[in-house]
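Just run.cif here, mmCIF, C-alpha atoms and all ligand atoms:
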```cif
data_query
loop_
_atom_site.label_atom_id
_atom_site.label_comp_id
_atom_site.auth_asym_id
_atom_site.auth_seq_id
_atom_site.Cartn_x
_atom_site.Cartn_y
_atom_site.Cartn_z
CA MET Q 44 25.07 -37.65 7.96
CA ASN Q 45 22.69 -37.44 10.85
CA LEU Q 46 21.14 -40.71 9.87
CA VAL Q 47 24.50 -42.52 9.76
CA TYR Q 48 25.38 -41.18 13.17
CA CYS Q 49 22.06 -42.34 14.55
CA ALA Q 50 22.50 -45.80 13.07
CA CYS Q 51 25.97 -46.06 14.62
CA VAL Q 52 24.76 -45.13 18.11
CA PHE Q 53 21.83 -47.47 17.80
CA SER Q 54 23.98 -50.39 16.73
CA VAL Q 55 26.47 -49.83 19.59
CA VAL Q 56 23.66 -49.66 22.13
CA PHE Q 57 22.07 -52.74 20.63
CA CYS Q 58 25.35 -54.67 20.65
CA VAL Q 59 26.07 -53.88 24.29
CA LYS Q 60 22.54 -54.78 25.28
CA PHE Q 61 22.73 -58.03 23.31
CA VAL Q 62 26.05 -59.09 24.83
CA TYR Q 63 24.87 -58.36 28.35
CA SER Q 64 21.52 -59.99 27.91
CA SER Q 65 23.09 -62.99 26.27
CA ASP Q 66 25.40 -63.43 29.33
CA LEU Q 67 22.46 -63.11 31.66
CA THR Q 68 20.33 -65.49 29.66
CA GLN Q 69 23.19 -67.97 29.60
CA MET Q 70 23.39 -67.90 33.39
CA GLU Q 71 19.64 -68.17 33.67
CA ALA Q 72 19.68 -71.08 31.26
CA LEU Q 73 22.42 -72.76 33.29
CA TYR Q 74 20.52 -72.27 36.50
CA SER Q 75 17.25 -73.54 35.12
CA ASN Q 76 18.93 -76.46 33.39
CA LEU Q 77 20.62 -77.46 36.62
CA PHE Q 78 17.75 -76.94 39.00
CA SER Q 79 14.47 -77.29 37.12
CA LEU Q 80 14.40 -81.02 37.68
CA TYR Q 81 16.62 -81.04 40.79
CA ASN Q 82 15.12 -82.65 43.88
CA ARG Q 83 17.14 -81.54 46.85
CA LYS Q 84 15.75 -84.29 49.06
CA LEU Q 85 17.60 -87.00 47.10
CA PHE Q 86 21.23 -87.94 47.46
CA PRO Q 87 23.45 -86.29 44.83
CA LEU Q 88 23.86 -89.54 42.90
CA PHE Q 89 22.49 -91.12 39.77
CA ASN Q 90 22.86 -94.58 41.24
CA HIS Q 91 21.61 -94.67 44.80
CA ASN Q 92 23.55 -97.82 45.59
CA ASN Q 93 26.69 -95.73 45.53
CA THR Q 94 28.09 -93.80 48.46
CA VAL Q 95 28.36 -90.04 48.77
CA LYS Q 96 31.92 -89.28 49.82
CA ILE Q 97 32.17 -86.15 51.91
CA SER Q 98 35.47 -84.70 52.93
CA VAL Q 99 35.54 -82.59 56.08
CA ASP Q 100 38.42 -80.32 56.91
CA ALA Q 101 38.50 -77.99 59.86
CA GLY Q 102 40.55 -75.02 60.95
CA LEU Q 103 40.76 -73.57 64.41
CA VAL Q 104 40.30 -69.81 64.68
CA ASN Q 105 40.37 -69.46 68.42
CA ILE Q 106 39.42 -70.92 71.76
CA ASN Q 107 36.78 -68.45 72.87
CA ASN Q 108 36.15 -69.78 76.28
CA PHE Q 109 37.10 -72.84 78.28
CA ASP Q 110 35.41 -73.21 81.62
CA GLU Q 111 37.24 -75.95 83.48
CA LEU Q 112 34.61 -76.22 86.17
CA SER Q 113 31.81 -77.23 83.81
CA GLY Q 114 34.02 -78.44 80.96
CA GLU Q 115 32.22 -76.08 78.60
CA MET Q 116 34.31 -74.93 75.68
CA HIS Q 117 33.54 -72.55 72.85
CA LEU Q 118 35.62 -73.04 69.74
CA ALA Q 119 35.51 -70.87 66.66
CA LEU Q 120 36.10 -73.28 63.78
CA ILE Q 121 36.09 -72.94 60.03
CA PHE Q 122 34.91 -75.89 58.02
CA ASP Q 123 35.63 -76.86 54.47
CA ILE Q 124 33.16 -79.52 53.36
CA ARG Q 125 33.36 -80.99 49.87
CA TRP Q 126 31.43 -83.57 47.95
CA LEU Q 127 30.49 -84.47 44.40
CA ASP Q 128 26.97 -83.89 43.07
CA GLU Q 129 26.61 -85.95 39.93
CA ARG Q 130 23.42 -84.16 38.98
CA LEU Q 131 25.05 -80.73 38.98
CA LYS Q 132 27.55 -81.00 36.13
CA TRP Q 133 27.66 -78.78 33.08
CA VAL Q 134 29.86 -78.02 30.12
CA PRO Q 135 31.31 -74.52 30.66
CA SER Q 136 31.65 -73.73 26.94
CA HIS Q 137 27.88 -74.05 26.50
CA TYR Q 138 27.37 -71.28 29.01
CA GLY Q 139 29.93 -68.66 27.98
CA GLY Q 140 32.84 -70.42 29.74
CA LYS Q 141 31.28 -70.11 33.18
CA SER Q 142 32.73 -72.90 35.26
CA THR Q 143 31.60 -72.01 38.77
CA LEU Q 144 28.42 -70.87 40.43
CA LEU Q 145 27.32 -69.77 43.89
CA VAL Q 146 23.99 -71.02 45.17
CA PRO Q 147 22.20 -70.75 48.51
CA PRO Q 148 22.22 -74.03 50.47
CA GLY Q 149 18.44 -74.19 50.28
CA ASP Q 150 18.66 -75.00 46.58
CA ILE Q 151 20.68 -78.19 46.71
CA TRP Q 152 21.24 -81.30 48.79
CA PHE Q 153 23.76 -80.81 51.59
CA PRO Q 154 24.82 -83.19 54.34
CA GLN Q 155 23.47 -82.89 57.85
CA LEU Q 156 26.41 -83.21 60.20
CA TYR Q 157 26.39 -82.85 63.97
CA VAL Q 158 28.89 -82.38 66.77
CA ILE Q 159 28.43 -85.24 69.22
CA GLU Q 160 30.09 -83.56 72.23
CA SER Q 161 27.77 -80.57 72.04
CA PHE Q 162 27.10 -78.51 75.11
CA ASP Q 163 23.55 -77.37 75.78
CA VAL Q 164 22.01 -78.46 72.43
CA ILE Q 165 23.22 -80.85 69.74
CA GLN Q 166 24.63 -78.54 67.11
CA GLU Q 167 24.51 -78.97 63.40
CA ILE Q 168 27.69 -78.31 61.43
CA SER Q 169 26.22 -76.00 58.82
CA ASN Q 170 25.38 -72.39 58.21
CA THR Q 171 22.50 -72.01 55.84
CA SER Q 172 23.22 -68.33 55.34
CA VAL Q 173 26.57 -69.07 53.71
CA MET Q 174 26.47 -69.74 49.96
CA ILE Q 175 27.75 -72.98 48.45
CA ARG Q 176 30.09 -73.00 45.47
CA LEU Q 177 29.46 -75.37 42.58
CA TYR Q 178 32.00 -76.32 39.95
CA SER Q 179 31.19 -77.54 36.47
CA SER Q 180 32.79 -80.89 37.34
CA GLY Q 181 30.07 -81.43 39.95
CA GLU Q 182 32.39 -80.70 42.84
CA ILE Q 183 30.75 -78.78 45.64
CA VAL Q 184 32.65 -76.71 48.18
CA TRP Q 185 31.04 -75.30 51.27
CA LYS Q 186 33.21 -73.17 53.52
CA PHE Q 187 31.81 -71.54 56.61
CA GLY Q 188 32.76 -70.61 60.12
CA LYS Q 189 30.98 -71.65 63.25
CA VAL Q 190 31.32 -71.25 66.98
CA VAL Q 191 30.90 -74.73 68.38
CA LYS Q 192 29.94 -75.12 72.04
CA LEU Q 193 31.14 -78.44 73.27
CA VAL Q 194 31.98 -80.39 76.38
CA CYS Q 195 35.53 -81.38 77.11
CA SER Q 196 35.98 -83.30 80.32
CA VAL Q 197 38.90 -81.86 82.22
CA ASP Q 198 41.54 -83.89 84.01
CA VAL Q 199 43.13 -81.58 86.56
CA THR Q 200 45.39 -84.15 88.23
CA TYR Q 201 48.51 -82.17 87.36
CA PHE Q 202 47.11 -78.67 87.75
CA PRO Q 203 48.65 -76.19 86.94
CA PHE Q 204 50.97 -78.18 84.66
CA ASP Q 205 48.14 -80.08 83.03
CA THR Q 206 47.38 -80.88 79.42
CA GLN Q 207 43.88 -81.49 78.19
CA THR Q 208 42.76 -83.48 75.19
CA CYS Q 209 39.42 -82.55 73.73
CA SER Q 210 37.68 -84.65 71.16
CA ILE Q 211 35.22 -83.23 68.65
CA LYS Q 212 33.36 -85.97 66.81
CA ILE Q 213 31.56 -84.89 63.69
CA SER Q 214 28.92 -87.34 62.68
CA GLY Q 215 26.14 -87.73 60.17
CA TRP Q 216 23.60 -89.22 62.57
CA ALA Q 217 20.95 -89.69 59.95
CA TYR Q 218 23.11 -91.65 57.56
CA ILE Q 219 24.66 -95.06 57.54
CA VAL Q 220 28.15 -95.72 56.29
CA SER Q 221 26.96 -97.26 53.01
CA GLU Q 222 25.09 -94.07 52.14
CA VAL Q 223 27.49 -91.40 53.23
CA MET Q 224 31.19 -91.72 53.90
CA LEU Q 225 32.87 -89.00 55.91
CA TYR Q 226 36.60 -88.63 55.66
CA THR Q 227 39.27 -86.07 56.15
CA ASN Q 228 42.18 -85.40 53.85
CA THR Q 229 44.44 -83.74 56.36
CA SER Q 230 45.75 -85.23 59.55
CA VAL Q 231 45.89 -81.90 61.43
CA VAL Q 232 43.57 -79.00 62.05
CA HIS Q 233 44.55 -75.91 60.04
CA THR Q 234 45.83 -73.05 62.12
CA ASP Q 235 46.23 -70.41 59.41
CA TYR Q 236 43.76 -68.12 61.16
CA TYR Q 237 44.52 -69.21 64.70
CA SER Q 238 44.91 -66.53 67.32
CA PRO Q 239 46.47 -67.75 70.56
CA ASN Q 240 44.50 -67.97 73.76
CA SER Q 241 45.75 -66.38 76.97
CA GLN Q 242 45.14 -69.47 79.09
CA TRP Q 243 45.62 -72.39 76.77
CA ASP Q 244 48.28 -73.22 74.22
CA LEU Q 245 47.36 -75.40 71.30
CA GLN Q 246 50.01 -78.10 71.51
CA SER Q 247 48.89 -80.39 68.74
CA SER Q 248 45.85 -81.43 66.79
CA ILE Q 249 44.83 -84.58 65.02
CA MET Q 250 42.09 -85.26 62.51
CA ARG Q 251 41.13 -88.88 62.01
CA ASN Q 252 38.85 -91.04 59.90
CA LEU Q 253 36.67 -92.87 62.40
CA SER Q 254 34.03 -94.37 60.17
CA SER Q 255 33.63 -98.04 60.90
CA THR Q 256 33.05 -100.53 58.15
CA THR Q 257 29.90 -101.85 59.81
CA ASN Q 258 27.08 -100.74 57.58
CA ASP Q 259 24.48 -99.53 60.03
CA LEU Q 260 26.66 -97.13 62.00
CA PRO Q 261 26.79 -93.41 61.31
CA PRO Q 262 29.90 -92.03 59.58
CA LEU Q 263 32.33 -90.18 61.84
CA VAL Q 264 35.29 -87.85 61.68
CA ASP Q 265 37.20 -87.09 64.84
CA ILE Q 266 39.19 -83.98 65.76
CA LEU Q 267 41.51 -84.19 68.75
CA LEU Q 268 42.94 -81.02 70.22
CA THR Q 269 45.70 -81.14 72.80
CA LEU Q 270 45.78 -78.02 74.92
CA LYS Q 271 48.44 -77.16 77.43
CA ARG Q 272 47.64 -74.77 80.23
CA ARG Q 273 49.70 -71.59 80.28
CA ASN Q 274 50.83 -71.87 83.83
CA GLU Q 275 52.95 -68.76 84.42
CA PHE Q 276 50.13 -67.08 86.35
CA HIS Q 277 49.49 -70.06 88.59
CA VAL Q 278 53.19 -70.62 89.18
CA VAL Q 279 53.69 -67.01 90.25
CA TYR Q 280 50.43 -66.66 92.10
CA ILE Q 281 49.99 -69.99 93.82
CA ILE Q 282 53.08 -72.21 93.71
CA THR Q 283 55.65 -69.55 94.59
CA SER Q 284 53.52 -68.20 97.42
CA LEU Q 285 52.86 -71.65 98.83
CA VAL Q 286 56.50 -72.68 98.74
CA SER Q 287 57.77 -69.45 100.26
CA LEU Q 288 55.13 -69.52 102.99
CA GLY Q 289 56.03 -73.12 103.74
CA THR Q 290 59.73 -72.25 103.85
CA LEU Q 291 59.07 -69.43 106.29
CA GLY Q 292 56.79 -71.59 108.42
CA ASN Q 293 59.49 -73.46 110.29
CA PHE Q 294 61.63 -70.39 110.97
CA VAL Q 295 59.55 -69.91 114.12
CA PHE Q 296 61.91 -72.42 115.74
CA ILE Q 297 64.84 -70.07 115.40
CA MET Q 298 62.91 -67.12 116.80
CA PRO Q 299 63.90 -66.37 120.40
CA ALA Q 300 61.36 -68.01 122.70
CA SER Q 301 61.39 -64.96 124.96
CA SER Q 302 60.01 -62.75 122.16
CA GLY Q 303 56.56 -64.28 122.74
CA GLU Q 304 55.71 -63.98 119.04
CA ARG Q 305 56.23 -67.56 118.05
CA THR Q 306 52.70 -68.87 118.31
CA SER Q 307 51.19 -65.86 116.58
CA VAL Q 308 53.57 -66.30 113.65
CA ALA Q 309 52.77 -70.01 113.50
CA ILE Q 310 49.03 -69.31 113.59
CA THR Q 311 49.37 -66.67 110.86
CA THR Q 312 51.15 -69.18 108.60
CA PHE Q 313 48.45 -71.73 109.28
CA LEU Q 314 45.71 -69.25 108.39
CA SER Q 315 47.55 -68.15 105.25
CA PHE Q 316 47.49 -71.74 104.03
CA ILE Q 317 43.75 -71.85 104.53
CA VAL Q 318 43.38 -68.66 102.50
CA PHE Q 319 45.52 -70.19 99.76
CA MET Q 320 43.40 -73.31 99.76
CA GLU Q 321 40.40 -71.10 99.00
CA MET Q 322 42.34 -69.45 96.20
CA VAL Q 323 43.31 -72.76 94.63
CA ASN Q 324 39.71 -73.90 95.03
CA SER Q 325 38.42 -71.11 92.84
CA ASN Q 326 40.84 -72.13 90.09
CA VAL Q 327 40.56 -75.89 90.15
CA PRO Q 328 37.45 -77.93 89.43
CA GLU Q 329 36.12 -79.62 92.56
CA SER Q 330 36.50 -83.03 91.12
CA SER Q 331 37.23 -86.16 93.13
CA SER Q 332 38.06 -88.44 90.27
CA PRO Q 333 40.79 -87.64 89.78
CA MET Q 334 41.60 -85.11 92.48
CA ALA Q 335 44.24 -82.50 91.68
CA TYR Q 336 47.61 -83.41 93.20
CA ILE Q 337 48.02 -79.84 94.37
CA TYR Q 338 45.29 -80.58 96.94
CA TYR Q 339 47.41 -83.34 98.42
CA TYR Q 340 50.28 -80.88 98.64
CA LEU Q 341 47.99 -78.34 100.31
CA LEU Q 342 46.82 -81.02 102.72
CA PHE Q 343 50.45 -81.76 103.55
CA LEU Q 344 51.08 -78.03 104.10
CA LEU Q 345 48.12 -77.80 106.46
CA ILE Q 346 49.28 -80.79 108.50
CA TYR Q 347 52.83 -79.45 108.38
CA SER Q 348 51.88 -76.04 109.69
CA SER Q 349 49.61 -77.42 112.40
CA ALA Q 350 52.46 -79.70 113.46
CA ILE Q 351 54.72 -76.63 113.65
CA LEU Q 352 52.14 -74.86 115.79
CA PHE Q 353 51.90 -77.88 118.09
CA LEU Q 354 55.70 -78.21 118.39
CA CYS Q 355 55.94 -74.49 119.11
CA ILE Q 356 53.60 -74.82 122.06
CA VAL Q 357 55.49 -77.86 123.35
CA SER Q 358 58.75 -75.95 123.03
CA LEU Q 359 57.37 -72.96 124.95
CA ARG Q 360 56.30 -75.29 127.77
CA ILE Q 361 59.82 -76.72 127.91
CA TYR Q 362 61.31 -73.24 128.24
CA SER Q 363 58.93 -72.31 131.06
CA LYS Q 364 59.58 -75.46 133.17
CA GLN Q 365 61.10 -74.89 136.59
CA ALA Q 366 61.46 -78.37 138.12
CA ASP Q 367 64.63 -80.46 137.91
CA ILE Q 368 65.30 -82.24 134.67
CA PRO Q 369 64.60 -85.99 134.92
CA GLU Q 370 67.71 -88.11 134.52
CA VAL Q 371 66.46 -89.86 131.35
CA VAL Q 372 65.67 -86.55 129.63
CA ASN Q 373 69.00 -85.11 130.68
CA ARG Q 374 70.89 -88.08 129.29
CA LEU Q 375 68.90 -88.05 126.06
CA VAL Q 376 69.46 -84.35 125.54
CA VAL Q 377 73.17 -84.67 126.29
CA CYS Q 378 73.33 -87.40 123.67
CA LEU Q 379 71.48 -85.19 121.21
CA ARG Q 380 73.79 -82.27 121.93
CA PHE Q 381 76.78 -84.06 120.45
CA TRP Q 382 78.27 -80.73 119.41
CA ASP Q 383 78.75 -79.95 123.14
CA LEU Q 384 80.71 -83.18 123.45
CA CYS Q 385 82.93 -82.19 120.54
CA ARG Q 386 83.47 -78.80 122.08
CA THR Q 387 84.40 -80.40 125.43
CA LYS Q 388 86.74 -82.78 123.68
CA ARG Q 389 88.39 -79.97 121.74
CA SER Q 390 88.77 -77.79 124.84
CA CYS Q 391 90.28 -80.81 126.64
CA ARG Q 392 92.74 -81.33 123.86
CA ASN Q 393 93.63 -77.62 123.89
CA ALA Q 394 94.13 -77.74 127.65
CA ARG Q 395 96.27 -80.83 127.30
CA LEU Q 396 98.46 -79.14 124.71
CA ARG Q 397 98.82 -76.11 126.96
CA ASN Q 398 99.72 -78.33 129.91
CA ALA Q 399 102.16 -80.23 127.81
CA THR Q 400 104.07 -77.08 126.90
CA VAL Q 401 104.00 -75.67 130.44
CA LEU Q 402 105.04 -78.92 132.09
CA SER Q 403 107.58 -79.83 129.48
CA LYS Q 404 110.13 -80.60 132.19
CA LYS Q 405 108.04 -83.40 133.68
CA SER Q 406 108.04 -86.82 132.11
CA HIS Q 407 105.70 -86.98 129.11
CA GLU Q 408 104.23 -90.33 130.07
CA SER Q 409 102.86 -89.25 133.43
CA VAL Q 410 101.34 -86.07 131.99
CA ASN Q 411 99.70 -87.99 129.22
CA ARG Q 412 98.30 -90.57 131.59
CA ASN Q 413 96.90 -87.92 133.90
CA ASP Q 414 95.37 -85.91 131.09
CA ASN Q 415 93.78 -88.91 129.44
CA LYS Q 416 92.22 -89.87 132.72
CA ARG Q 417 90.86 -86.36 133.31
CA GLU Q 418 89.53 -86.17 129.77
CA ASN Q 419 87.76 -89.51 130.10
CA GLU Q 420 86.22 -88.39 133.35
CA MET Q 421 84.95 -85.20 131.79
CA ILE Q 422 83.36 -87.10 128.92
CA LEU Q 423 81.86 -89.87 131.01
CA GLU Q 424 80.36 -87.58 133.58
CA THR Q 425 77.04 -86.29 132.15
CA PRO Q 426 76.78 -82.55 132.65
CA LYS Q 427 73.67 -81.07 134.24
CA LEU Q 428 71.65 -79.09 131.69
CA SER Q 429 69.10 -76.33 132.17
CA TRP Q 430 65.55 -76.39 130.72
CA LYS Q 431 66.59 -73.54 128.44
CA GLN Q 432 69.25 -75.77 126.89
CA VAL Q 433 66.71 -78.58 126.54
CA GLY Q 434 64.37 -76.14 124.79
CA GLU Q 435 67.13 -74.97 122.46
CA THR Q 436 67.99 -78.54 121.54
CA PHE Q 437 64.33 -79.32 120.93
CA ASP Q 438 64.00 -76.23 118.69
CA GLY Q 439 67.12 -77.12 116.76
CA TYR Q 440 65.93 -80.63 116.02
CA CYS Q 441 62.41 -79.43 115.18
CA PHE Q 442 63.86 -76.94 112.70
CA LEU Q 443 66.06 -79.57 111.11
CA VAL Q 444 63.39 -82.27 110.85
CA THR Q 445 60.60 -79.98 109.60
CA SER Q 446 62.95 -78.41 107.05
CA LEU Q 447 63.94 -81.82 105.73
CA ILE Q 448 60.34 -83.02 105.56
CA PHE Q 449 59.27 -79.82 103.81
CA LEU Q 450 62.12 -79.97 101.32
CA PHE Q 451 61.44 -83.62 100.56
CA MET Q 452 57.68 -83.26 100.13
CA THR Q 453 57.95 -80.07 98.10
CA SER Q 454 60.52 -81.42 95.69
CA ILE Q 455 58.60 -84.68 95.24
CA SER Q 456 55.30 -82.85 94.67
CA MET Q 457 56.72 -80.31 92.26
CA PHE Q 458 58.65 -82.94 90.35
CA ARG Q 459 55.53 -85.02 90.00
CA LEU Q 460 53.34 -82.09 88.98
CA TYR Q 461 55.84 -80.67 86.54
CA ASN Q 462 56.56 -83.98 84.82
CA ASN Q 463 52.93 -85.18 84.92
CA PHE Q 464 54.24 -88.20 86.73
CA GLY Q 465 51.63 -90.33 88.47
CA LEU Q 466 51.72 -92.23 91.72
C1 LIG N 1 26.10 -68.01 59.68
O1 LIG N 1 26.93 -67.06 59.08
C2 LIG N 1 26.49 -65.72 59.24
C3 LIG N 1 27.45 -64.81 58.51
O2 LIG N 1 27.71 -65.28 57.25
C4 LIG N 1 26.42 -65.35 60.70
O3 LIG N 1 25.91 -64.06 60.86
C5 LIG N 1 25.53 -66.34 61.42
O4 LIG N 1 25.56 -66.08 62.80
C6 LIG N 1 25.99 -67.77 61.17
N1 LIG N 1 25.06 -68.68 61.77
C7 LIG N 1 25.43 -69.65 62.63
C8 LIG N 1 24.34 -70.51 63.15
O5 LIG N 1 26.60 -69.81 62.94
C1 LIG N 2 40.84 -90.89 55.46
O1 LIG N 2 40.34 -91.73 54.44
C2 LIG N 2 40.51 -91.19 53.14
C3 LIG N 2 39.81 -92.08 52.15
O2 LIG N 2 39.81 -93.40 52.53
C4 LIG N 2 41.98 -91.03 52.84
O3 LIG N 2 42.17 -90.48 51.56
C5 LIG N 2 42.58 -90.10 53.87
O4 LIG N 2 43.97 -89.96 53.68
C6 LIG N 2 42.29 -90.60 55.26
N1 LIG N 2 42.73 -89.57 56.18
C7 LIG N 2 43.55 -89.77 57.19
C8 LIG N 2 43.88 -88.62 58.05
O5 LIG N 2 44.02 -90.88 57.40
#
```

Please re-express this file's structure in structure tokens.
Amino acid sequence: MNLVYCACVFSVVFCVKFVYSSDLTQMEALYSNLFSLYNRKLFPLFNHNNTVKISVDAGLVNINNFDELSGEMHLALIFDIRWLDERLKWVPSHYGGKSTLLVPPGDIWFPQLYVIESFDVIQEISNTSVMIRLYSSGEIVWKFGKVVKLVCSVDVTYFPFDTQTCSIKISGWAYIVSEVMLYTNTSVVHTDYYSPNSQWDLQSSIMRNLSSTTNDLPPLVDILLTLKRRNEFHVVYIITSLVSLGTLGNFVFIMPASSGERTSVAITTFLSFIVFMEMVNSNVPESSSPMAYIYYYLLFLLIYSSAILFLCIVSLRIYSKQADIPEVVNRLVVCLRFWDLCRTKRSCRNARLRNATVLSKKSHESVNRNDNKRENEMILETPKLSWKQVGETFDGYCFLVTSLIFLFMTSISMFRLYNNFGL
């Protein structure tokens, strides 16, 4: 009884041990069969006149950092690189149905790919600490993530409504097209794991085959990312402030000249523009080719506010003049004050109507003739104006002209910036 029991336990233990060890030995056999004669320095081909076809797919995880001033950009990307290794095929049924295997990259041949637009150092697209998956068909899949530091030249012409296109060229420098062919199966970058950036929106992405057919060039795959700036901050912070300051700027002309505050307000506006210029400066790359259009708008605002300051001073001098008004100036100002003329005309007509009712007994013709004559006299005779009236007229026209210029320039600039519409 005891003996039977012992035999049972022994056989169970033996069976379990045998099954386990047979699985382990199968895997060991597979590994040694695959790798005992494997030379990882050679291309994964039996016939070395053939080409290794490598597919590269990429996914964008996030835009870590994009420094517009230096053009430096850090992208977290995930890569999915696949190729076929003819030397690493096996029949799964010979090895307990095992059809896939993970190996460290150091054990097998893997392609050396680089990012051409690297920042700082040329970076290899690989991560040797991430295992590679083999399939019994010889297919090899290597998926890993990498933070790529690259250079993307920034075109700030339409700041803050600009869109940037960054190119990431992945190349096998060491190879020529007849040895290694790089291609991509998808035409876009995957965004399954993408987390949006606070400053840039990913508008679109393109993946392209760029390999030329010329034999001695390296194989290439190109990724194009189109990023649109999220401009809410700049619109609120810069554009709105600039436009409202500019709008306020010419209201100095409707301030009473006697208040004595005009020039100080004008100077304050002028200085505010200079402060804003500094603020824009810290947000826009100091690039001259091409220069950001917003600088031209700022330049206009500076000229505009210095012109307002100048006109203010001229206007104050007009108010403070004591001497008689020269005839030419008087005439000119009377012409400019056409609303006075209208008022005179209207008051004449009113007077005439009143006269007509009062003197209804007299003959209409004579009254009319007299009135017409008087009216004509009043219009022809240029009234004498005071310097205060000249100043008021000057202010009125300054306000009108500067407002029109400001409105015109602002709408043109904003239209052009917003629609990315060149000169
Ligand atoms: C490779 O991946 C590991 C994690 O699997 C990570 O710690 C390491 O930083 C990566 N190396 C490079 C060069 O990206
Ligand atoms: C790139 O080339 C490969 C092979 O020639 C093709 O299968 C693939 O569709 C191409 N990819 C694109 C995005 O055109």

Please provide as number ranges by chain all residues within 7 Å of stretch 98-108 of chain Q, with the sequence filter that same-chain residues fewer than 6 positions apart are discarded (counting all atoms listed in the file).
-> Q: 116-126, 225-229, 232-234, 236-240

Can you write just those residues out, C-alpha atoms, as a JSON list (two decimals), in the coordinates of the input?
```json
[["chain", "number", "residue", "atom", "x", "y", "z"],
["Q", 116, "MET", "CA", 34.31, -74.93, 75.68],
["Q", 117, "HIS", "CA", 33.54, -72.55, 72.85],
["Q", 118, "LEU", "CA", 35.62, -73.04, 69.74],
["Q", 119, "ALA", "CA", 35.51, -70.87, 66.66],
["Q", 120, "LEU", "CA", 36.10, -73.28, 63.78],
["Q", 121, "ILE", "CA", 36.09, -72.94, 60.03],
["Q", 122, "PHE", "CA", 34.91, -75.89, 58.02],
["Q", 123, "ASP", "CA", 35.63, -76.86, 54.47],
["Q", 124, "ILE", "CA", 33.16, -79.52, 53.36],
["Q", 125, "ARG", "CA", 33.36, -80.99, 49.87],
["Q", 126, "TRP", "CA", 31.43, -83.57, 47.95],
["Q", 225, "LEU", "CA", 32.87, -89.00, 55.91],
["Q", 226, "TYR", "CA", 36.60, -88.63, 55.66],
["Q", 227, "THR", "CA", 39.27, -86.07, 56.15],
["Q", 228, "ASN", "CA", 42.18, -85.40, 53.85],
["Q", 229, "THR", "CA", 44.44, -83.74, 56.36],
["Q", 232, "VAL", "CA", 43.57, -79.00, 62.05],
["Q", 233, "HIS", "CA", 44.55, -75.91, 60.04],
["Q", 234, "THR", "CA", 45.83, -73.05, 62.12],
["Q", 236, "TYR", "CA", 43.76, -68.12, 61.16],
["Q", 237, "TYR", "CA", 44.52, -69.21, 64.70],
["Q", 238, "SER", "CA", 44.91, -66.53, 67.32],
["Q", 239, "PRO", "CA", 46.47, -67.75, 70.56],
["Q", 240, "ASN", "CA", 44.50, -67.97, 73.76]]
```

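Taking only C-alpha atoms and all ligand atoms into account, the protein and nucleic acid residues that come at most 8 Å from ligand LIG 1 (chain N) are Ser169, Asn170, Thr171, Ser172, Val173, Phe187, Gly188, Lys189 and Val190 of chain Q.
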
Would you work out the distance separating atom CA of Q:Gly303 from atom CA of Q:Asp438, expressed in Å to one decimal?
-> 14.6 Å

Nearest to Q:Gly439, chosen from Q:Val223, Q:Cys355, Q:Val194, Q:Leu270, with all atoms listed in the file counted in the distances = Q:Cys355

Do a neighbour search on Q:Val158 at 10 Å with all atoms listed in the file, toss out local chain neighbours closer than 3 positions, and write the hits as a list in words.
-> Ser161, Phe162, Val164, Ile165, Gln166, Glu167, Ile168, Val191, Lys192, Leu193, Ile211, Lys212, Ile213, Ser214, Gly215, Trp216, Leu263, Val264 and Asp265 of chain Q

Requested write-out: C-alpha atoms of the selected residues, as an mmCIF file, in the frame of the given file:
```
data_model
loop_
_atom_site.group_PDB
_atom_site.id
_atom_site.type_symbol
_atom_site.label_atom_id
_atom_site.label_comp_id
_atom_site.auth_asym_id
_atom_site.auth_seq_id
_atom_site.Cartn_x
_atom_site.Cartn_y
_atom_site.Cartn_z
ATOM 1 C CA SER Q 161 27.770 -80.570 72.040
ATOM 2 C CA PHE Q 162 27.100 -78.510 75.110
ATOM 3 C CA VAL Q 164 22.010 -78.460 72.430
ATOM 4 C CA ILE Q 165 23.220 -80.850 69.740
ATOM 5 C CA GLN Q 166 24.630 -78.540 67.110
ATOM 6 C CA GLU Q 167 24.510 -78.970 63.400
ATOM 7 C CA ILE Q 168 27.690 -78.310 61.430
ATOM 8 C CA VAL Q 191 30.900 -74.730 68.380
ATOM 9 C CA LYS Q 192 29.940 -75.120 72.040
ATOM 10 C CA LEU Q 193 31.140 -78.440 73.270
ATOM 11 C CA ILE Q 211 35.220 -83.230 68.650
ATOM 12 C CA LYS Q 212 33.360 -85.970 66.810
ATOM 13 C CA ILE Q 213 31.560 -84.890 63.690
ATOM 14 C CA SER Q 214 28.920 -87.340 62.680
ATOM 15 C CA GLY Q 215 26.140 -87.730 60.170
ATOM 16 C CA TRP Q 216 23.600 -89.220 62.570
ATOM 17 C CA LEU Q 263 32.330 -90.180 61.840
ATOM 18 C CA VAL Q 264 35.290 -87.850 61.680
ATOM 19 C CA ASP Q 265 37.200 -87.090 64.840
#
```

Starting from 8 Å padding per side, set up an axis-aligned box that covers all listed atoms of ligand LIG 2 (chain N) and hand over centre and edge lengths in Å, one decimal, as lines of an AutoDock Vina configuration file.
```
center_x = 41.9
center_y = -91.0
center_z = 54.8
size_x = 20.2
size_y = 20.8
size_z = 22.5
```

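The smallest atom-to-atom distance between Q:Asp110 and any of Q:Val197, Q:Leu77, Q:Leu145, Q:His137, using all atoms listed in the file, is found for Q:Val197.
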
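Comparing Q:Leu375, Q:Ile356, Q:Ile361, Q:Ile249 by their smallest distance to ligand LIG 2 (chain N), the closest is Q:Ile249 (using only C-alpha atoms and all ligand atoms).
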